[in-house]
Amino acid sequence: MIAVQDRASVVCHDSRPMVPVTATIVEIQEESSNTRTYVLQIDDPALRSAYRFEPGQFNMVYVFGVGEAAISISSDPANNEYLAHTIRHVGSVTRAIARMKVGDKLGLRGPFGHGWPISRCRGRDILMVAGGIGLAPIRPLIYAILANRGQFGRVVLMYGGRSPSDLLYQKELAAWRDDGQMDLLVSVDYSIAQWDGPVGVVTDLIKRLRIRPDRTSVMVCGPRMMNRHVTWQLLRLRVAPDQLFISLERNMRCGVGRCGHCQYGPKFVCKDGPVFSYESIREVFGKEEI
Ligand SMILES: Cc1cc2nc3c(=O)[nH]c(=O)nc-3n(C[C@H](O)[C@H](O)[C@H](O)COP(=O)(O)OP(=O)(O)OC[C@H]3O[C@@H](n4cnc5c(N)ncnc54)[C@H](O)[C@@H]3O)c2cc1C
Ligand code: FES
C-alpha cells in the first residue's frame, strides 16, 4: 500500500524544468473514436525510478518537431515503472500523437502543478465529479483512495460522457462498480438502445444523491460549463468553499510559471493549480475573459 503523498517528492529534471526527457510508448489503448491512453516508459532508468507524481498533476508532452501540450497524468501514482496519458486528439500536437505507434518516442517535462489535496480530505466523504476527458486526472486519485480506502468515508464517483461509446476506462468503470468500494453514477447526454443508465447532464446526478455537506470534500474536473454548474450546485447544498476543488484548463507554454500564458486572475494555472479550491478563486471563478 502506498502512502498518499501531499507533494511529488521527485521532479523529472528538477533543476532543468524546460528540458524534456525522452519516453517510449509501450502500449496504446483505444478509449473512444478520438481518445487513446498512451502507456509510457521514461527511457533513463534512474529518472524513471525517481519519477513521482501526485494525482491531478500534469506533464508537458512534447512531440519532436511539432510542439508541446499540457496533459494530465492518468495512471496509478504507485506504479514507478510506467505512466499513462489519456489524450483526446484535437489539435496539432495531439493529432501528431494520434499518428504515433508503440516504440515511438515522446518528450516529457514534469510533473507540474498542484494536484488534488488528498491529505486535507482524510476522514471525510469524497465526491468526485468528472465530465468527458476530465476523468483522466481523477483516475490517479481513485487509485490512491482505493489503495488507502480505510482513510476515507463514503466515496462517490459521478461521471458524465457524451454517449456510451465516449466513456473512458469502461472496463475499470465496471470493475469499480462491481467491487463495491465506491458508489458509481454514470450518465450520458445521448443514449443508445443498449444503455440502461441515466441520460442527461452530470448535474442531474447530483440531485439523486444525498450528501453530508459538512463532511464532504468534492473534486471536480470537466468542461468549463460543467465545472461551473457543478460548483454552484454544490455550494447551494452547503459544501464548504475550501473543500470544493476544481481542476482548471488553460493554454500552457512553459508549465512552470515563467511565460504568463496560463494566467487566471492573479494566479498561474500551471504553478498555482491546475487544482484550486473554490475558496482560493472565488473572485474570478465563472467570469469570462479572465
Ligand atoms: C492542466 C491541463 C491538463 C490537461 N490534460 C489533458 C488530458 O489529460 N488529455 C487531453 O487530451 N487534454 C488535456 N488538456 C488539454 C490540452 O492541453 C489541450 O487540448 C491542448 O490544446 C492540445 O494541444 P494541441 O496542440 O493538440 O491542440 P491546439 O493546437 O492547441 O488546438 C488546436 C485547436 O483545437 C481546439 N481545441 C483545443 N482543445 C480542444 C478541446 N478540448 N475540444 C475542442 N477543441 C479544442 C483549439 O481551440 C484550437 O483551435 C489539458 C490541459 C491542461 C491545461
Ligand atoms: S504556462 Fe507559462 S506561466 Fe503557466
# chains A, B, ... in the order shown; residues from 1 in each chain; ligands from 1
call {"tool": "closest_atom_pairs", "arguments": {"of": "chain A", "to": "ligand 1", "cutoff": "9 Å", "atoms": "only C-alpha atoms and all ligand atoms", "output": "JSON lines"}}
result
{"residue": "A:Thr35", "atom": "CA", "partner": "ligand 1", "partner_atom_place_in_ligand_line": "11 (O)", "distance": 7.3}
{"residue": "A:Arg36", "atom": "CA", "partner": "ligand 1", "partner_atom_place_in_ligand_line": "11 (O)", "distance": 8.7}
{"residue": "A:Gly56", "atom": "CA", "partner": "ligand 1", "partner_atom_place_in_ligand_line": "1 (C)", "distance": 8.2}
{"residue": "A:Gln57", "atom": "CA", "partner": "ligand 1", "partner_atom_place_in_ligand_line": "1 (C)", "distance": 7.2}
{"residue": "A:Phe58", "atom": "CA", "partner": "ligand 1", "partner_atom_place_in_ligand_line": "1 (C)", "distance": 5.7}
{"residue": "A:Asn59", "atom": "CA", "partner": "ligand 1", "partner_atom_place_in_ligand_line": "3 (C)", "distance": 8.0}
{"residue": "A:Met60", "atom": "CA", "partner": "ligand 1", "partner_atom_place_in_ligand_line": "17 (O)", "distance": 8.3}
{"residue": "A:Val61", "atom": "CA", "partner": "ligand 1", "partner_atom_place_in_ligand_line": "17 (O)", "distance": 8.9}
{"residue": "A:Val66", "atom": "CA", "partner": "ligand 1", "partner_atom_place_in_ligand_line": "25 (O)", "distance": 8.4}
{"residue": "A:Gly67", "atom": "CA", "partner": "ligand 1", "partner_atom_place_in_ligand_line": "25 (O)", "distance": 6.9}
{"residue": "A:Glu68", "atom": "CA", "partner": "ligand 1", "partner_atom_place_in_ligand_line": "25 (O)", "distance": 6.6}
{"residue": "A:Ala69", "atom": "CA", "partner": "ligand 1", "partner_atom_place_in_ligand_line": "17 (O)", "distance": 4.6}
{"residue": "A:Ala70", "atom": "CA", "partner": "ligand 1", "partner_atom_place_in_ligand_line": "17 (O)", "distance": 4.0}
{"residue": "A:Ile71", "atom": "CA", "partner": "ligand 1", "partner_atom_place_in_ligand_line": "5 (N)", "distance": 3.6}
{"residue": "A:Ser72", "atom": "CA", "partner": "ligand 1", "partner_atom_place_in_ligand_line": "8 (O)", "distance": 3.8}
{"residue": "A:Ile73", "atom": "CA", "partner": "ligand 1", "partner_atom_place_in_ligand_line": "8 (O)", "distance": 6.4}
{"residue": "A:Ser74", "atom": "CA", "partner": "ligand 1", "partner_atom_place_in_ligand_line": "8 (O)", "distance": 6.9}
{"residue": "A:His85", "atom": "CA", "partner": "ligand 1", "partner_atom_place_in_ligand_line": "8 (O)", "distance": 6.1}
{"residue": "A:Thr86", "atom": "CA", "partner": "ligand 1", "partner_atom_place_in_ligand_line": "9 (N)", "distance": 5.2}
{"residue": "A:Ile87", "atom": "CA", "partner": "ligand 1", "partner_atom_place_in_ligand_line": "11 (O)", "distance": 3.5}
{"residue": "A:Arg88", "atom": "CA", "partner": "ligand 1", "partner_atom_place_in_ligand_line": "11 (O)", "distance": 3.7}
{"residue": "A:His89", "atom": "CA", "partner": "ligand 1", "partner_atom_place_in_ligand_line": "26 (O)", "distance": 6.2}
{"residue": "A:Val90", "atom": "CA", "partner": "ligand 1", "partner_atom_place_in_ligand_line": "34 (O)", "distance": 4.9}
{"residue": "A:Gly91", "atom": "CA", "partner": "ligand 1", "partner_atom_place_in_ligand_line": "27 (O)", "distance": 3.2}
{"residue": "A:Ser92", "atom": "CA", "partner": "ligand 1", "partner_atom_place_in_ligand_line": "25 (O)", "distance": 4.1}
{"residue": "A:Val93", "atom": "CA", "partner": "ligand 1", "partner_atom_place_in_ligand_line": "25 (O)", "distance": 3.7}
{"residue": "A:Thr94", "atom": "CA", "partner": "ligand 1", "partner_atom_place_in_ligand_line": "26 (O)", "distance": 3.6}
{"residue": "A:Arg95", "atom": "CA", "partner": "ligand 1", "partner_atom_place_in_ligand_line": "26 (O)", "distance": 5.8}
{"residue": "A:Ala96", "atom": "CA", "partner": "ligand 1", "partner_atom_place_in_ligand_line": "26 (O)", "distance": 7.6}
{"residue": "A:Ile97", "atom": "CA", "partner": "ligand 1", "partner_atom_place_in_ligand_line": "26 (O)", "distance": 8.3}
{"residue": "A:Phe112", "atom": "CA", "partner": "ligand 1", "partner_atom_place_in_ligand_line": "1 (C)", "distance": 8.6}
{"residue": "A:Gly113", "atom": "CA", "partner": "ligand 1", "partner_atom_place_in_ligand_line": "1 (C)", "distance": 7.9}
{"residue": "A:Ile133", "atom": "CA", "partner": "ligand 1", "partner_atom_place_in_ligand_line": "9 (N)", "distance": 6.2}
{"residue": "A:Gly134", "atom": "CA", "partner": "ligand 1", "partner_atom_place_in_ligand_line": "8 (O)", "distance": 7.2}
{"residue": "A:Leu135", "atom": "CA", "partner": "ligand 1", "partner_atom_place_in_ligand_line": "8 (O)", "distance": 8.4}
{"residue": "A:Ala136", "atom": "CA", "partner": "ligand 1", "partner_atom_place_in_ligand_line": "8 (O)", "distance": 5.4}
{"residue": "A:Pro137", "atom": "CA", "partner": "ligand 1", "partner_atom_place_in_ligand_line": "8 (O)", "distance": 6.3}
{"residue": "A:Pro223", "atom": "CA", "partner": "ligand 1", "partner_atom_place_in_ligand_line": "41 (N)", "distance": 8.1}
{"residue": "A:Ser247", "atom": "CA", "partner": "ligand 1", "partner_atom_place_in_ligand_line": "1 (C)", "distance": 7.4}
{"residue": "A:Leu248", "atom": "CA", "partner": "ligand 1", "partner_atom_place_in_ligand_line": "1 (C)", "distance": 6.5}
{"residue": "A:Glu249", "atom": "CA", "partner": "ligand 1", "partner_atom_place_in_ligand_line": "53 (C)", "distance": 3.8}
{"residue": "A:Arg250", "atom": "CA", "partner": "ligand 1", "partner_atom_place_in_ligand_line": "53 (C)", "distance": 4.4}
{"residue": "A:Asn251", "atom": "CA", "partner": "ligand 1", "partner_atom_place_in_ligand_line": "53 (C)", "distance": 5.8}
{"residue": "A:Met252", "atom": "CA", "partner": "ligand 1", "partner_atom_place_in_ligand_line": "53 (C)", "distance": 6.0}
{"residue": "A:Gly255", "atom": "CA", "partner": "ligand 1", "partner_atom_place_in_ligand_line": "1 (C)", "distance": 8.8}
{"residue": "A:Cys262", "atom": "CA", "partner": "ligand 1", "partner_atom_place_in_ligand_line": "53 (C)", "distance": 7.9}
{"residue": "A:Val269", "atom": "CA", "partner": "ligand 1", "partner_atom_place_in_ligand_line": "1 (C)", "distance": 7.4}
{"residue": "A:Cys270", "atom": "CA", "partner": "ligand 1", "partner_atom_place_in_ligand_line": "1 (C)", "distance": 6.7}
{"residue": "A:Gly273", "atom": "CA", "partner": "ligand 1", "partner_atom_place_in_ligand_line": "1 (C)", "distance": 7.8}
{"residue": "A:Pro274", "atom": "CA", "partner": "ligand 1", "partner_atom_place_in_ligand_line": "1 (C)", "distance": 5.2}
{"residue": "A:Val275", "atom": "CA", "partner": "ligand 1", "partner_atom_place_in_ligand_line": "1 (C)", "distance": 8.4}
call {"tool": "residues_around", "arguments": {"residues": "A:Met219", "least_positions_apart": "3", "cutoff": "7 Å", "atoms": "only C-alpha atoms", "output": "PyMOL selection string"}}
result
chain A and resi 127-129+244-246
call {"tool": "atom_distance", "arguments": {"atom1": "atom CA of A:Leu185", "atom2": "atom CA of A:Leu235"}}
result
20.1 Å
call {"tool": "residues_around", "arguments": {"residues": "A:Val284", "least_positions_apart": "2", "cutoff": "12 Å", "atoms": "only C-alpha atoms", "output": "list of chain:residue names"}}
result
A:Arg228, A:Gln263, A:Tyr264, A:Gly265, A:Pro266, A:Lys267, A:Phe276, A:Tyr278, A:Glu279, A:Ser280, A:Ile281, A:Arg282, A:Gly286, A:Lys287, A:Glu288, A:Glu289, A:Ile290
call {"tool": "closest_residue", "arguments": {"among": "A:Ala175, A:Ile142, A:Val256, A:Val26", "to": "A:Leu106", "atoms": "only C-alpha atoms"}}
result
A:Val26
